[in-house]
Amino acid sequence: MANRSPAETDPTASAVASPGAARAPMTPRPFRVLARRQETADTWTLTLEPADGAPAPRFEPGQFNMLYAFGVGEAPISISGDPDADGPLEHTVRAVGPVSTAICRAEPGTELGLRGPFGSSWPLAAAAGRHVVIVAGGLGLAPVRPALLAALARRESLAGLVLLCGGRSPGELLYADQMVGWGQDPRLELGVTVDAAERGWSGHVGVVTTLIGAAPFDPARAVAFVVGPEVMMRFTAQALLDRGIDPADIHLSLERNMKCAVTQCGRCQFGPTFACREGPVMSLAAIGRFFGVREL
Ligand SMILES: Cc1cc2nc3c(=O)[nH]c(=O)nc-3n(C[C@H](O)[C@H](O)[C@H](O)COP(=O)(O)OP(=O)(O)OC[C@H]3O[C@@H](n4cnc5c(N)ncnc54)[C@H](O)[C@@H]3O)c2cc1C
Ligand code: FES
C-alpha cells in the first residue's frame with residue numbers, strides 16, 4: 001500500500017505541538033542573527049532574535065525549529081540553548097549541504113526564517129528523584145544541551161546527573177569552553193572520550209559506549225537521554241540495557257528526514273508514527289521495533 005500523508009489518515013493531524021507553531025505552522029517568522037560562534041571546523045552556533053519585535057517562543061528541551069535560509073531552503077534544527085532563559089534562541093548547525101551551509105554562513109545582521117518550536121521533548125519532569133544519564137555523540141550534544149542546562153538548574157531534585165560525550169577527535173567536541181566548566185562542576189559527573197586522539201590529548205580514547213559500564217548511576221533509578229548518529233544510539237541503547245535500565249527509561253532523539261514538520265507531507269514517517277509529531281524524542285520502548293530500520 002502506498003504511504004499516505006497523515007492528513008489523509010487523521011483529520012486532526014494538522015494540530016501542532018506548540019502554541020507558537022499553531023499560529024502559523026507553515027509561515028516562517030523573521031529572525032536576525034545576533035551572534036555566530038564557530039564550534040568546530042564545520043559547525044557553528046547561531047544566536048537568533050526575533051526581527052518582528054515580538055518575543056522569541058518558549059521551547060521545551062529537545063524541540064526543534066525549521067530554519068529557513070531565504071532563497072535556499074529550510075531545515076529542521078534542534079534548539080541548543082537554555083530553555084529557562086528568556087530572549088534569543090541558540091541553534092548549533094553542521095554544514096553538510098546547501099541549507100545548513102547557508103545557515104552556518106549567515107553573518108550577524110542576516111535575516112533567517114524560523115517556524116516552531118516543534119516536536120516532543122526530553123522527559124525531565126519524570127526524572128525527579130532519579131539519576132539522569134545523558135549520552136551524546138558528536139553533534140548530538142546540541143539537541144540535548146537544553147536538557148543538560150535544565151537538569152543543572154534543577155540538580156537538587158535529581159539523585160544524580162551524568163554526561164557522557166564522545167567525538168571523533170578532540171577538535172570535533174562541541175562547546176569546548178563550557179565543557180571545561182562542566183568538568184569542574186560538582187553537580188555533574190562528566191565523561192569525555194574521542195575515537196582518535198590528537199597531540200596533546202590526555203583524556204579517554206574509545207567510543208562513548210566504553211564509558212557506560214563504569215558511569216556512576218543506579219540503573220534501577222535512572223533515566224537516559226541519548227542522541228547521536230543512529231549507529232551510536234543503537235550501541236548506546238544496548239549498553240544501557242545491559243546495565244539494567246528499563247527500555248521505557250531510555251529516550252532517543254530520532255532525526256528522520258523532515259519537510260513540513262506539521263504532519264502534512266509524510267516525509268518523516270517510520271512505522272505507524274511520524275517523527276515530527278511523536279518525535280524527535282521517543283523512548284526505546286515506544287520505537288523499539290522500528291529503531292534501526294533504514295529510511296525508505
Ligand atoms: C529533528 C531534527 C533535528 C535536527 N537538528 C539538527 C541540529 O541541531 N544541527 C544540525 O546541524 N542538523 C540537525 N538536523 C539535521 C539537519 O536538518 C540536516 O543536516 C539538514 O536538513 C541538511 O540539509 P542540507 O540542505 O544542508 O543538506 P542536504 O543536501 O539535505 O543533505 C546533505 C547530507 O546530509 C544528510 N542528511 C540530511 N538530513 C539528515 C538528517 N536528518 N540526519 C542525517 N543526515 C542527514 C543527507 O543524506 C546528505 O548526505 C536535524 C534534523 C532533524 C530531523
Ligand atoms: S509529516 Fe512532514 S515532516 Fe513529518
# chains A, B, ... in the order shown; residues from 1 in each chain; ligands from 1
>>> residues_around(residues="Gly244 in chain A", least_positions_apart="4", cutoff="12 Å", atoms="only C-alpha atoms", output="PyMOL selection string")
chain A and resi 212-213+217-224+237-240+248-250
>>> residues_near_ligand(ligand="ligand 2", cutoff="7 Å", atoms="only C-alpha atoms and all ligand atoms", output="JSON, numbers by chain")
{"A": [5, 6, 257, 258, 259, 260, 261, 262, 263, 264, 265, 266, 267, 268, 269, 274, 275, 276, 277]}
>>> residues_around(residues="range 116-129 of chain A", least_positions_apart="4", cutoff="7 Å", atoms="only C-alpha atoms", output="number ranges by chain")
A: 17-18, 20-21, 59-66, 147, 157-159, 223, 261, 276-281
>>> residues_near_ligand(ligand="ligand 1", cutoff="8 Å", atoms="only C-alpha atoms and all ligand atoms", output="PyMOL selection string")
chain A and resi 43+63-65+73-80+91-102+119+139-140+142-143+229+253-258+268+275-276+279-280
>>> select_by_dssp(residues="range 31-219 of chain A", states="strand (DSSP E or B)", output="PyMOL selection string")
chain A and resi 31-40+43-50+64-69+73-79+89-94+111-118+131-137+160-167+189-194+204-205
>>> decode(residues="range 250-264 of chain A", atoms="all heavy atoms", output="compact mmCIF listing (two decimals), in the first residue's frame")
# COMPACT_ATOMS: atom_id res chain seq x y z
N ILE A 250 14.81 4.73 28.53
CA ILE A 250 15.87 5.13 27.60
C ILE A 250 15.20 5.94 26.50
O ILE A 250 14.33 5.44 25.78
CB ILE A 250 16.59 3.89 27.01
CG1 ILE A 250 17.24 3.09 28.13
CG2 ILE A 250 17.61 4.31 25.96
CD1 ILE A 250 17.84 1.76 27.68
N HIS A 251 15.60 7.21 26.37
CA HIS A 251 14.96 8.10 25.40
C HIS A 251 15.99 8.50 24.35
O HIS A 251 17.15 8.79 24.67
CB HIS A 251 14.39 9.33 26.11
CG HIS A 251 13.37 8.95 27.14
ND1 HIS A 251 12.03 8.83 26.86
CD2 HIS A 251 13.52 8.60 28.44
CE1 HIS A 251 11.39 8.43 27.94
NE2 HIS A 251 12.27 8.28 28.92
N LEU A 252 15.54 8.52 23.10
CA LEU A 252 16.43 8.79 21.97
C LEU A 252 15.86 9.94 21.16
O LEU A 252 14.64 10.15 21.14
CB LEU A 252 16.51 7.55 21.07
CG LEU A 252 16.72 6.22 21.77
CD1 LEU A 252 16.20 5.07 20.92
CD2 LEU A 252 18.19 6.02 22.07
N SER A 253 16.72 10.67 20.46
CA SER A 253 16.23 11.71 19.55
C SER A 253 16.44 11.24 18.12
O SER A 253 17.57 11.04 17.68
CB SER A 253 16.97 13.03 19.79
OG SER A 253 16.43 14.04 18.97
N LEU A 254 15.35 11.05 17.41
CA LEU A 254 15.39 10.49 16.05
C LEU A 254 15.38 11.61 15.01
O LEU A 254 14.43 12.37 14.93
CB LEU A 254 14.16 9.64 15.79
CG LEU A 254 14.15 8.21 16.30
CD1 LEU A 254 12.99 7.48 15.68
CD2 LEU A 254 15.46 7.51 15.97
N GLU A 255 16.43 11.66 14.22
CA GLU A 255 16.50 12.72 13.21
C GLU A 255 16.09 12.17 11.85
O GLU A 255 16.93 11.98 10.97
CB GLU A 255 17.90 13.32 13.15
CG GLU A 255 18.18 14.20 14.34
CD GLU A 255 19.39 15.08 14.16
OE1 GLU A 255 19.99 15.04 13.07
OE2 GLU A 255 19.72 15.79 15.11
N ARG A 256 14.83 11.86 11.67
CA ARG A 256 14.36 11.42 10.36
C ARG A 256 14.28 12.63 9.44
O ARG A 256 14.10 13.76 9.89
CB ARG A 256 12.99 10.78 10.49
CG ARG A 256 13.02 9.48 11.27
CD ARG A 256 13.83 8.46 10.54
NE ARG A 256 14.26 7.38 11.42
CZ ARG A 256 14.41 6.13 11.04
NH1 ARG A 256 14.22 5.79 9.82
NH2 ARG A 256 14.80 5.21 11.87
N ASN A 257 14.36 12.38 8.14
CA ASN A 257 14.19 13.49 7.19
C ASN A 257 12.84 14.13 7.40
O ASN A 257 11.85 13.44 7.57
CB ASN A 257 14.31 12.98 5.75
CG ASN A 257 15.76 12.84 5.34
OD1 ASN A 257 16.63 13.55 5.86
ND2 ASN A 257 16.03 11.92 4.44
N MET A 258 12.82 15.44 7.36
CA MET A 258 11.56 16.16 7.56
C MET A 258 11.43 17.28 6.54
O MET A 258 12.43 17.81 6.07
CB MET A 258 11.53 16.78 8.96
CG MET A 258 11.41 15.77 10.06
SD MET A 258 11.25 16.55 11.65
CE MET A 258 11.43 15.13 12.71
N LYS A 259 10.19 17.61 6.23
CA LYS A 259 9.96 18.71 5.30
C LYS A 259 8.99 19.73 5.88
O LYS A 259 9.29 20.90 5.98
CB LYS A 259 9.44 18.17 3.97
CG LYS A 259 9.53 19.17 2.85
CD LYS A 259 9.36 18.50 1.50
CE LYS A 259 9.46 19.48 0.36
NZ LYS A 259 10.80 20.07 0.27
N CYS A 260 7.78 19.23 6.27
CA CYS A 260 6.77 20.20 6.74
C CYS A 260 6.84 20.42 8.25
O CYS A 260 6.55 21.50 8.72
CB CYS A 260 5.38 19.71 6.35
SG CYS A 260 4.82 18.27 7.29
N ALA A 261 7.19 19.40 9.00
CA ALA A 261 7.24 19.42 10.47
C ALA A 261 5.87 19.47 11.12
O ALA A 261 5.77 19.57 12.33
CB ALA A 261 8.12 20.55 11.01
N VAL A 262 4.80 19.46 10.34
CA VAL A 262 3.45 19.56 10.91
C VAL A 262 2.54 18.43 10.39
O VAL A 262 1.36 18.64 10.13
CB VAL A 262 2.81 20.95 10.66
CG1 VAL A 262 3.50 22.01 11.47
CG2 VAL A 262 2.82 21.31 9.17
N THR A 263 3.11 17.25 10.22
CA THR A 263 2.37 16.03 9.87
C THR A 263 1.55 16.16 8.58
O THR A 263 0.48 15.59 8.47
CB THR A 263 1.44 15.57 11.03
OG1 THR A 263 0.45 16.54 11.24
CG2 THR A 263 2.22 15.32 12.30
N GLN A 264 2.04 16.90 7.60
CA GLN A 264 1.31 17.06 6.35
C GLN A 264 1.96 16.33 5.17
O GLN A 264 1.28 15.93 4.24
CB GLN A 264 1.20 18.56 5.99
CG GLN A 264 0.33 19.35 6.93
CD GLN A 264 -1.12 18.89 6.91
OE1 GLN A 264 -1.75 18.85 5.87
NE2 GLN A 264 -1.64 18.54 8.07
